[in-house]
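Asks: The following block contains the structure, expressed as structure tokens.
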Amino acid sequence: MDFLRPASWRDALAAKAAYPDAVPLAGGTDLMVELNFDLRRPARLLDLSRVGDLAAWDTADEGDTVVLGARVPFRDIVERLGAPLPALALAAHTVGSPQIRARGSVGGNLGTASPAGDAHPALLAAGARVEAASVRGSRLIPIDDFFTGPKRNVLADDELIRAVHVEAARGPQQFAKVGTRNAMVIAVCAFSLALHPHTRTVRTGIGSAAPTPVRARAAEEFLNGVLDEGGHWDHGRPVTPSAAARFAQLAASACAPIDDVRGSADYRRHAVAVLARRTLHWTWSAYTAPQGAASCA
């Protein structure tokens with residue numbers, strides 16, 4: 001196995017162009033498991049640990065967007081980015097152990113493209129964009145278009161993930177996850193909900209309940225209609241129990257789960273419905289609270 005270790009982003013792109021089969025190695029929290037269990041034996045590894053720019057984050061669009069370098073660890077998201085990226089910070093807090101959170105990153109999560117990646121539902125709910133680059137140039141990929149199948153994404157063979165662009169939250173966001181134990185566990189299912197008061201819309205993200213992370217689009221459309229027709233955005237009226245139940249049912253209908261050792265398909269659908277109802281209650285309660293309404297206006 002060849003080990004490529006570029007010292008700069010330009011060198012990393014050149015190496016990926018020269019060796020398209022080289023597998024990127026950042027935190028290694030997913031890849032090393034596959035290597036240790038002999039599930040994968042790539043001919044080449046492309047170590048990105050010396051590319052310092054990938055481990056930094058910044059803001060763009062006058063502070064409205066957070067640009068996360070592909071190697072920014074989950075630990076930093078939890079400790080430093082909870083205000084602008086609340087759902088992603090909640091998701092990051094559920095990742096593995098402190099040691100894993102110090103190494104694992106959103107870029108690595110996206111590169112692996114597992115249906116159970118903890119960051120994915122929050123990124124879907126926030127409407128993130130993935131910045132991919134090669135020696136040919138760069139492009140921004142809407143997160144809705146990024147996943148193509150289990151552990152597959154739209155990246156070309158010569159592309160690397162440089163950063164993830166996430167709009168800073170303008171309303172409450174939530175993330176919730178069901179696992180077979182309380183910590184250090186792959187999600188049985190996960191759900192994220194983000195309120196976007198400036199556009200009077202909601203977005204969702206579901207993990208570990210379909211071949212790829214998905215949005216519950218019918219549930220979003222239903223809730224958007226309820227909130228608009230009832231004047232909820234202006235008056236802060238609570239969502240009725242029947243509307244919340246219908247939202248949860250539609251969220252569960254968006255799933256296409258499987259039976260496996262972590263849970264049955266029926267259980268996953270039920271759990272997603274429960275998480276959808278709970279996150280709706282939490283986010284709408286935060287929005288209608290006096291301090292929440294003031295900050296989201």
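Going by the structure tokens order, chains are called A, B, ..., each with residues numbered from 1, while ligands are numbered from 1 in the order shown.
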Looking only at helix (DSSP H, G or I) from DSSP on the backbone, list the matching residues of segment 7-233 of chain A as a PyMOL selection string.
Replies: chain A and resi 9-18+31-36+52-55+74-80+86-93+98-103+106-112+119-126+143-145+217-229+232-233
Asks: Just want the 12 Å neighbourhood of Arg181 of chain A, counted on only C-alpha atoms, with same-chain residues fewer than 5 positions away dropped. Output as a list in words.
Replies: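 Those residues are Thr94, Gly96, Ile186, Ala187, Val188 and Arg262 of chain A.
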Asks: Choose the residue, out of A:Thr201, A:Thr29, A:Ser192, A:Asn224, that has the smallest atom-to-atom separation from Ile100 of chain A; count only C-alpha atoms.
Replies: A:Thr29
Asks: So, counting only C-alpha atoms, which residue among A:Ala43, A:Ala125, A:Ala102, A:Leu90 is closest to Arg75 of chain A?
Replies: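 Closest residue, counting only C-alpha atoms: A:Ala102.
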Asks: From the options A:Gly52, A:Trp57, A:Met1, A:Arg217, which residue's atoms come nearest to Leu35 of chain A, counting only C-alpha atoms?
Replies: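 Closest residue, counting only C-alpha atoms: A:Met1.
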Asks: Find the residues around Ser253 of chain A up to 12 Å (only C-alpha atoms counted), leave out those fewer than 5 positions away in its own chain, and share them as a ChimeraX atom specification.
Replies: /A:206,209-210,214-219,246-248,265-266,268-273,276
Asks: Keeping only all heavy atoms, write the selected residues as a compact mmCIF listing (two decimals), in the first residue's frame.
Replies:
# COMPACT_ATOMS: atom_id res chain seq x y z
N ILE A 206 -33.17 12.82 7.78
CA ILE A 206 -33.33 11.50 8.40
C ILE A 206 -32.08 10.67 8.11
O ILE A 206 -31.60 10.63 6.98
CB ILE A 206 -34.57 10.77 7.85
CG1 ILE A 206 -35.83 11.58 8.10
CG2 ILE A 206 -34.70 9.37 8.48
CD1 ILE A 206 -37.08 11.00 7.45
N ALA A 209 -32.19 5.28 8.04
CA ALA A 209 -33.53 4.74 7.82
C ALA A 209 -33.88 4.64 6.34
O ALA A 209 -35.05 4.52 5.97
CB ALA A 209 -34.58 5.60 8.54
N ALA A 210 -32.86 4.68 5.50
CA ALA A 210 -33.02 4.57 4.05
C ALA A 210 -31.64 4.28 3.46
O ALA A 210 -30.64 4.38 4.17
CB ALA A 210 -33.61 5.86 3.47
N VAL A 214 -31.93 11.13 3.94
CA VAL A 214 -33.01 11.69 3.14
C VAL A 214 -33.73 12.80 3.90
O VAL A 214 -33.63 12.90 5.13
CB VAL A 214 -34.05 10.62 2.73
CG1 VAL A 214 -33.43 9.58 1.82
CG2 VAL A 214 -34.66 9.96 3.97
N ARG A 215 -34.44 13.62 3.15
CA ARG A 215 -35.38 14.57 3.74
C ARG A 215 -36.79 14.00 3.71
O ARG A 215 -37.12 13.23 2.80
CB ARG A 215 -35.35 15.89 2.97
CG ARG A 215 -34.11 16.71 3.21
CD ARG A 215 -34.04 17.89 2.25
NE ARG A 215 -35.19 18.76 2.35
CZ ARG A 215 -35.48 19.73 1.48
NH1 ARG A 215 -34.71 19.90 0.40
NH2 ARG A 215 -36.53 20.50 1.65
N ALA A 216 -37.60 14.40 4.65
CA ALA A 216 -39.01 14.03 4.66
C ALA A 216 -39.80 15.15 3.97
O ALA A 216 -40.41 16.01 4.61
CB ALA A 216 -39.50 13.82 6.08
N ARG A 217 -39.75 15.16 2.66
CA ARG A 217 -40.28 16.30 1.90
C ARG A 217 -41.79 16.47 2.06
O ARG A 217 -42.29 17.60 2.19
CB ARG A 217 -39.91 16.17 0.43
CG ARG A 217 -38.40 16.26 0.19
CD ARG A 217 -38.06 16.15 -1.29
NE ARG A 217 -36.63 16.19 -1.53
CZ ARG A 217 -35.92 17.31 -1.69
NH1 ARG A 217 -36.54 18.48 -1.64
NH2 ARG A 217 -34.62 17.26 -1.91
N ALA A 218 -42.53 15.37 2.05
CA ALA A 218 -43.98 15.48 2.22
C ALA A 218 -44.31 16.02 3.61
O ALA A 218 -45.25 16.83 3.76
CB ALA A 218 -44.64 14.12 2.00
N ALA A 219 -43.57 15.60 4.61
CA ALA A 219 -43.78 16.12 5.96
C ALA A 219 -43.46 17.61 6.02
O ALA A 219 -44.19 18.39 6.68
CB ALA A 219 -42.90 15.35 6.96
N ARG A 246 -49.68 14.04 12.31
CA ARG A 246 -49.62 13.85 10.86
C ARG A 246 -48.21 14.12 10.33
O ARG A 246 -47.72 13.39 9.46
CB ARG A 246 -50.63 14.79 10.18
CG ARG A 246 -50.65 14.68 8.66
CD ARG A 246 -50.98 13.28 8.18
NE ARG A 246 -51.05 13.21 6.73
CZ ARG A 246 -50.97 12.07 6.04
NH1 ARG A 246 -50.80 10.92 6.67
NH2 ARG A 246 -51.06 12.10 4.73
N PHE A 247 -47.57 15.14 10.85
CA PHE A 247 -46.18 15.42 10.48
C PHE A 247 -45.30 14.22 10.78
O PHE A 247 -44.47 13.81 9.96
CB PHE A 247 -45.69 16.66 11.24
CG PHE A 247 -44.21 16.93 11.09
CD1 PHE A 247 -43.69 17.41 9.91
CD2 PHE A 247 -43.36 16.69 12.15
CE1 PHE A 247 -42.32 17.66 9.78
CE2 PHE A 247 -41.99 16.92 12.03
CZ PHE A 247 -41.47 17.42 10.84
N ALA A 248 -45.47 13.65 11.97
CA ALA A 248 -44.67 12.48 12.35
C ALA A 248 -44.94 11.30 11.44
O ALA A 248 -44.00 10.58 11.03
CB ALA A 248 -44.96 12.11 13.80
N ALA A 265 -36.99 -2.82 10.51
CA ALA A 265 -37.52 -1.74 9.69
C ALA A 265 -38.72 -1.08 10.35
O ALA A 265 -38.85 0.15 10.36
CB ALA A 265 -37.90 -2.28 8.30
N ASP A 266 -39.62 -1.90 10.91
CA ASP A 266 -40.80 -1.35 11.58
C ASP A 266 -40.42 -0.48 12.77
O ASP A 266 -41.02 0.58 13.00
CB ASP A 266 -41.73 -2.47 12.05
CG ASP A 266 -42.46 -3.14 10.89
OD1 ASP A 266 -42.51 -2.55 9.80
OD2 ASP A 266 -42.98 -4.26 11.09
N ARG A 268 -37.63 1.17 13.15
CA ARG A 268 -37.03 2.42 12.66
C ARG A 268 -38.12 3.41 12.23
O ARG A 268 -38.03 4.61 12.53
CB ARG A 268 -36.09 2.11 11.49
CG ARG A 268 -34.75 1.53 11.93
CD ARG A 268 -33.81 1.39 10.73
NE ARG A 268 -32.43 1.24 11.15
CZ ARG A 268 -31.80 0.08 11.28
NH1 ARG A 268 -32.45 -1.05 11.02
NH2 ARG A 268 -30.55 0.03 11.67
N ARG A 269 -39.13 2.94 11.53
CA ARG A 269 -40.21 3.85 11.12
C ARG A 269 -40.89 4.43 12.36
O ARG A 269 -41.17 5.64 12.42
CB ARG A 269 -41.24 3.10 10.27
CG ARG A 269 -40.76 2.73 8.87
CD ARG A 269 -41.91 2.26 8.01
NE ARG A 269 -41.43 1.78 6.71
CZ ARG A 269 -41.11 0.52 6.46
NH1 ARG A 269 -41.22 -0.41 7.41
NH2 ARG A 269 -40.69 0.17 5.26
N HIS A 270 -41.18 3.59 13.34
CA HIS A 270 -41.82 4.07 14.56
C HIS A 270 -40.93 5.08 15.27
O HIS A 270 -41.41 6.15 15.71
CB HIS A 270 -42.12 2.89 15.50
CG HIS A 270 -42.55 3.31 16.87
ND1 HIS A 270 -43.81 3.82 17.13
CD2 HIS A 270 -41.88 3.32 18.06
CE1 HIS A 270 -43.91 4.12 18.41
NE2 HIS A 270 -42.75 3.82 19.00
N ALA A 271 -39.64 4.79 15.37
CA ALA A 271 -38.73 5.68 16.09
C ALA A 271 -38.59 7.02 15.37
O ALA A 271 -38.52 8.07 16.02
CB ALA A 271 -37.37 5.01 16.24
N VAL A 272 -38.55 7.01 14.04
CA VAL A 272 -38.46 8.27 13.30
C VAL A 272 -39.70 9.12 13.56
O VAL A 272 -39.61 10.35 13.73
CB VAL A 272 -38.28 8.00 11.79
CG1 VAL A 272 -38.56 9.26 10.96
CG2 VAL A 272 -36.86 7.52 11.51
N ALA A 273 -40.87 8.49 13.60
CA ALA A 273 -42.09 9.24 13.90
C ALA A 273 -42.01 9.88 15.29
O ALA A 273 -42.39 11.04 15.48
CB ALA A 273 -43.31 8.32 13.81
N ALA A 276 -39.54 12.77 15.13
CA ALA A 276 -40.10 13.90 14.39
C ALA A 276 -41.04 14.70 15.28
O ALA A 276 -41.00 15.94 15.30
CB ALA A 276 -40.82 13.40 13.15
Asks: Would you please work out which residue, of A:Arg5, A:Arg71, A:His281, A:Arg44, is nearest to Ala194 of chain A when using only C-alpha atoms?
Replies: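 Of the candidates, the smallest distance to Ala194 of chain A is held by A:His281.
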Asks: With distances taken over only C-alpha atoms, which residue among A:Leu85, A:Met184, A:Ala156, A:Leu227 lies nearest Pro98 of chain A?
Replies: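 Under the stated criterion, the closest residue is A:Met184.
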Asks: Using only C-alpha atoms, determine which residues lie at most 7 Å from Thr283 of chain A, disregarding the query and same-chain residues fewer than 5 positions distant; provide the list as a list of chain:residue names.
Replies: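 That gives A:Pro172, A:Gln173, A:Gln174.
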Asks: Could those residues be written to a file, using N, CA, C and O atoms, as a tab-separated table (two decimals), in the first residue's frame?
Replies:
chain	number	residue	atom	x	y	z
A	172	PRO	N	-34.60	28.02	15.58
A	172	PRO	CA	-34.23	26.83	16.34
A	172	PRO	C	-34.00	25.61	15.46
A	172	PRO	O	-34.64	25.45	14.42
A	173	GLN	N	-33.08	24.78	15.88
A	173	GLN	CA	-32.78	23.51	15.20
A	173	GLN	C	-32.62	22.43	16.26
A	173	GLN	O	-32.22	22.70	17.38
A	174	GLN	N	-32.92	21.20	15.86
A	174	GLN	CA	-32.77	20.07	16.77
A	174	GLN	C	-32.23	18.86	16.02
A	174	GLN	O	-32.41	18.72	14.80
Asks: Nearest to Asp144 of chain A: which of A:Ala254, A:Leu124, A:Val67, A:Leu48 is it, counting only C-alpha atoms?
Replies: A:Leu124
Asks: List the spatial neighbours of Leu88 of chain A as a list in words - criterion: any atom at most 7 Å away, only C-alpha atoms, same-chain residues fewer than 6 positions off excluded.
Replies: Ala119, Ala122 and Leu123 of chain A
Asks: Can you work out the spacing between atom CA of Thr279 of chain A and atom CA of Val261 of chain A in Å, to one decimal?
Replies: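 Those two atoms sit 26.0 Å apart.
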Asks: Atom CA of Arg41 of chain A to atom CA of Gly69 of chain A: how many Å, to one decimal?
Replies: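 We find that atom CA of Arg41 of chain A and atom CA of Gly69 of chain A lie 26.9 Å from each other.
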